[in-house]
Amino acid sequence: MGRKAIWVLALAALAATSLQGCYLLLEKPLTKKRHFKPFESKEYMAPCKYLQVEDVNLAYVEAGQGPTVILIHGGFIPMNKVSSLSRTTFYDLVADSVGIIGYLIPERAQTYAHLGAVATIDTWQYNFDVLAKHFHVIAIDLPGFGNSGKPNIQYKVEDFTRYLTAFMDQKKIDRASLAGLDIGGIIALDFVLTHPERVDKLVLINSEGTHDPLYNLLLTRLPLLNQYVVVPVFRLWQDDKAARINIWMPLYKHLLAKQAIRNVLNEKSQGLHNNYIASDKGTSKEFMDKVINYKMKYVKSREFTKEVHAWHRTLVNIKRRDERIKIVQGTKTIQAPTLIVWGSENPRPKIKKDSGEAAFLDNAIPNSSLSVFSRSGRFPMVEEPEAFNREMIQFLGQPESPPVPKKEAVQAQSKKETKKEHKKEHKKESKKEKKSEGK
């Protein structure tokens, strides 16, 4: 590659990076003048309580008696850019073009993802009361989401773990079982690796962020590139995207909002996200209708603009090298009984027989079992609530059993035993040969 080509690429990268920061500069003055409606706390399936945890007023609901179970929502809908481009090529190409005119328009898939994200206690509305008949159940809104306070922090996974630890301390909860959806599952994994003595059991539901061979290779082989180039650029890119969404939301809430929410969660005709909810009937339809009604009000508040930034910063920080390595390498050390729940229709990450995140977690965690819900996508607790509740009650209610060896461990152990037997036989034969030679 010639010097001219290198200079052209360098200038293009500089221009793109400079452009990426434009919305960050514009966001505050533009949103400051906007007329926001007062934020109305969302009503949940039980009266919402609040606890001041460090600098955050943490929202939660609580009911029942017995062993404590803490439910950690997720609701982070990843953008399916390839599907979006294939169906709205002109729209997304213009949005991605380097020119200023094109840069003004956020990609449709990204905008839809924000409107469809369900990152609140409501995730558990079909499970909370049933579980509370058997356990002491607490469902929390994570810092930055729902009714909880939205601090100006980086939203690292260890931040969520710190807040959860402080919450349990103030509630005088020594040990609890944790159940987490997608990134909520990653937070549960980080918590059990940080405080193994405080976790009874784990339930990981469509928990992504552990098994990404290409990204894990980048972390291990090119750590400096990841630390000083990939993560900073990704952080700038995500912060700028959040600013773009917030600036243009007044237009989107009139043109796209209702359709966007339903398209993200369930609508194959659009193909943007390949159905995070597999059906549009029963509890699934009721759930989506509630999300639409809530989001149409929520996007008009200043709290939504803060949540958008929390959403993007969380996505950045699950890609940090130290956090990814801690979780990927630490899963094999987890001793807590673990139930891995996956929806067979969940498009990202898709369930695979011998590979993918579900298989990785099931093989890595010593005392784990995998339960696949055949009629569910991202939200089996919503799509198949009765079956999900039965599975949870059975798993959380059964007494703890010693870790069951995985296939690989059993095979390794049998290989060791076979080698030992071969060595013993070899020694016996050599002794016999020596004796015969001596005679």
# chains A, B, ... in the order shown; residues from 1 in each chain; ligands from 1
>>> residues_around(residues="Val192 in chain A", least_positions_apart="2", cutoff="10 Å", atoms="only C-alpha atoms", output="list in words")
Thr161, Ser177, Leu178, Ile186, Ile187, Ala188, Leu189, Asp190, Thr194, His195, Pro196, Glu197, Arg198, Val199, Asp200, Lys201, Leu202, Ile327, Gly330, Thr331, Thr333, Ile334, Gln335 and Ala336 of chain A
>>> write_last_selection(atoms="C-alpha atoms", output="mmCIF file, in the first residue's frame")
data_model
loop_
_atom_site.group_PDB
_atom_site.id
_atom_site.type_symbol
_atom_site.label_atom_id
_atom_site.label_comp_id
_atom_site.auth_asym_id
_atom_site.auth_seq_id
_atom_site.Cartn_x
_atom_site.Cartn_y
_atom_site.Cartn_z
ATOM 1 C CA THR A 161 -22.350 -6.036 40.746
ATOM 2 C CA SER A 177 -30.406 -17.287 44.105
ATOM 3 C CA LEU A 178 -30.001 -15.056 41.037
ATOM 4 C CA ILE A 186 -23.901 -11.641 32.609
ATOM 5 C CA ILE A 187 -24.340 -9.527 35.756
ATOM 6 C CA ALA A 188 -25.374 -12.672 37.670
ATOM 7 C CA LEU A 189 -22.250 -14.462 36.380
ATOM 8 C CA ASP A 190 -20.019 -11.582 37.417
ATOM 9 C CA THR A 194 -17.003 -11.993 42.731
ATOM 10 C CA HIS A 195 -19.034 -13.328 45.672
ATOM 11 C CA PRO A 196 -19.389 -17.121 45.271
ATOM 12 C CA GLU A 197 -20.260 -17.530 48.949
ATOM 13 C CA ARG A 198 -23.398 -15.371 48.538
ATOM 14 C CA VAL A 199 -25.087 -17.296 45.698
ATOM 15 C CA ASP A 200 -27.266 -20.365 46.222
ATOM 16 C CA LYS A 201 -28.317 -21.047 42.633
ATOM 17 C CA LEU A 202 -28.096 -19.419 39.203
ATOM 18 C CA ILE A 327 -16.406 -14.425 32.815
ATOM 19 C CA GLY A 330 -14.395 -18.121 35.398
ATOM 20 C CA THR A 331 -17.421 -20.154 34.318
ATOM 21 C CA THR A 333 -15.024 -22.469 38.575
ATOM 22 C CA ILE A 334 -18.717 -21.836 39.365
ATOM 23 C CA GLN A 335 -19.957 -24.338 41.941
ATOM 24 C CA ALA A 336 -23.518 -23.022 42.312
#
>>> residues_around(residues="Ala63 in chain A", least_positions_apart="5", cutoff="8 Å", atoms="only C-alpha atoms", output="PyMOL selection string")
chain A and resi 129+132+136-138
>>> residues_around(residues="Asp182 in chain A", least_positions_apart="3", cutoff="7 Å", atoms="only C-alpha atoms", output="JSON, numbers by chain")
{"A": [74, 185, 186, 205, 206, 207, 208]}
>>> write_last_selection(atoms="N, CA and C atoms", output="PDB file, in the first residue's frame")
ATOM      1  N   GLY A  74     -33.032  -7.980  31.770  1.00  0.00           N
ATOM      2  CA  GLY A  74     -32.089  -7.639  30.708  1.00  0.00           C
ATOM      3  C   GLY A  74     -32.827  -6.688  29.786  1.00  0.00           C
ATOM      4  N   GLY A 185     -28.080 -11.864  32.929  1.00  0.00           N
ATOM      5  CA  GLY A 185     -27.361 -13.109  33.193  1.00  0.00           C
ATOM      6  C   GLY A 185     -25.864 -12.891  33.318  1.00  0.00           C
ATOM      7  N   ILE A 186     -25.324 -11.968  32.513  1.00  0.00           N
ATOM      8  CA  ILE A 186     -23.901 -11.641  32.609  1.00  0.00           C
ATOM      9  C   ILE A 186     -23.596 -10.998  33.965  1.00  0.00           C
ATOM     10  N   ILE A 205     -30.752 -16.864  31.511  1.00  0.00           N
ATOM     11  CA  ILE A 205     -31.770 -16.918  30.461  1.00  0.00           C
ATOM     12  C   ILE A 205     -31.279 -16.170  29.233  1.00  0.00           C
ATOM     13  N   ASN A 206     -31.017 -16.910  28.159  1.00  0.00           N
ATOM     14  CA  ASN A 206     -30.519 -16.296  26.915  1.00  0.00           C
ATOM     15  C   ASN A 206     -29.391 -15.310  27.204  1.00  0.00           C
ATOM     16  N   SER A 207     -28.442 -15.737  28.017  1.00  0.00           N
ATOM     17  CA  SER A 207     -27.368 -14.840  28.467  1.00  0.00           C
ATOM     18  C   SER A 207     -26.238 -14.800  27.455  1.00  0.00           C
ATOM     19  N   GLU A 208     -26.147 -13.709  26.726  1.00  0.00           N
ATOM     20  CA  GLU A 208     -25.104 -13.588  25.720  1.00  0.00           C
ATOM     21  C   GLU A 208     -23.940 -12.761  26.230  1.00  0.00           C
TER      22      GLU A 208
END
>>> closest_residue(among="A:Gly356, A:Pro47, A:Pro366, A:Gly146", to="Ile121 in chain A", atoms="only C-alpha atoms")
A:Gly146
>>> residues_around(residues="Phe373 in chain A", least_positions_apart="5", cutoff="10 Å", atoms="only C-alpha atoms", output="ChimeraX atom specification")
/A:341-346,379-381,383-384,387-388
>>> residues_around(residues="Ala119 in chain A", least_positions_apart="3", cutoff="12 Å", atoms="only C-alpha atoms", output="ChimeraX atom specification")
/A:72-77,113-116,122-124,139-148,180-184,291,294-295,304,307-308,310-311,379
>>> write_last_selection(atoms="C-alpha atoms", output="PDB file, in the first residue's frame")
ATOM      1  CA  ILE A  72     -32.406  -9.252  37.193  1.00  0.00           C
ATOM      2  CA  HIS A  73     -33.948  -7.947  33.989  1.00  0.00           C
ATOM      3  CA  GLY A  74     -32.089  -7.639  30.708  1.00  0.00           C
ATOM      4  CA  GLY A  75     -33.983  -6.389  27.692  1.00  0.00           C
ATOM      5  CA  PHE A  76     -31.028  -5.333  25.548  1.00  0.00           C
ATOM      6  CA  ILE A  77     -32.076  -5.915  21.942  1.00  0.00           C
ATOM      7  CA  ALA A 113     -33.828  -1.416  18.966  1.00  0.00           C
ATOM      8  CA  HIS A 114     -34.114   1.412  21.487  1.00  0.00           C
ATOM      9  CA  LEU A 115     -37.859   1.635  21.221  1.00  0.00           C
ATOM     10  CA  GLY A 116     -38.278  -2.115  21.606  1.00  0.00           C
ATOM     11  CA  ASP A 122     -42.044  -5.793  33.890  1.00  0.00           C
ATOM     12  CA  THR A 123     -40.005  -8.586  32.295  1.00  0.00           C
ATOM     13  CA  TRP A 124     -41.169 -10.787  35.215  1.00  0.00           C
ATOM     14  CA  ALA A 139     -37.205  -8.006  41.180  1.00  0.00           C
ATOM     15  CA  ILE A 140     -35.044  -4.922  40.647  1.00  0.00           C
ATOM     16  CA  ASP A 141     -34.725  -2.171  38.083  1.00  0.00           C
ATOM     17  CA  LEU A 142     -31.005  -1.935  37.380  1.00  0.00           C
ATOM     18  CA  PRO A 143     -29.356   1.484  37.862  1.00  0.00           C
ATOM     19  CA  GLY A 144     -29.998   3.521  34.711  1.00  0.00           C
ATOM     20  CA  PHE A 145     -33.233   1.745  33.798  1.00  0.00           C
ATOM     21  CA  GLY A 146     -36.957   1.801  34.546  1.00  0.00           C
ATOM     22  CA  ASN A 147     -37.903   3.526  37.798  1.00  0.00           C
ATOM     23  CA  SER A 148     -34.372   3.422  39.232  1.00  0.00           C
ATOM     24  CA  GLY A 180     -30.898 -12.947  34.912  1.00  0.00           C
ATOM     25  CA  LEU A 181     -32.095 -12.319  31.353  1.00  0.00           C
ATOM     26  CA  ASP A 182     -29.451 -11.677  28.620  1.00  0.00           C
ATOM     27  CA  ILE A 183     -27.128  -9.015  30.117  1.00  0.00           C
ATOM     28  CA  GLY A 184     -28.840  -9.613  33.468  1.00  0.00           C
ATOM     29  CA  VAL A 291     -44.608  -2.106  26.134  1.00  0.00           C
ATOM     30  CA  TYR A 294     -45.430   2.535  28.181  1.00  0.00           C
ATOM     31  CA  LYS A 295     -42.799   3.550  25.610  1.00  0.00           C
ATOM     32  CA  PHE A 304     -35.540   8.172  28.485  1.00  0.00           C
ATOM     33  CA  GLU A 307     -31.546   5.469  29.726  1.00  0.00           C
ATOM     34  CA  VAL A 308     -30.421   5.536  26.089  1.00  0.00           C
ATOM     35  CA  ALA A 310     -26.960   3.832  29.966  1.00  0.00           C
ATOM     36  CA  TRP A 311     -27.990   1.270  27.334  1.00  0.00           C
ATOM     37  CA  PHE A 379     -38.488 -13.922  26.568  1.00  0.00           C
TER      38      PHE A 379
END
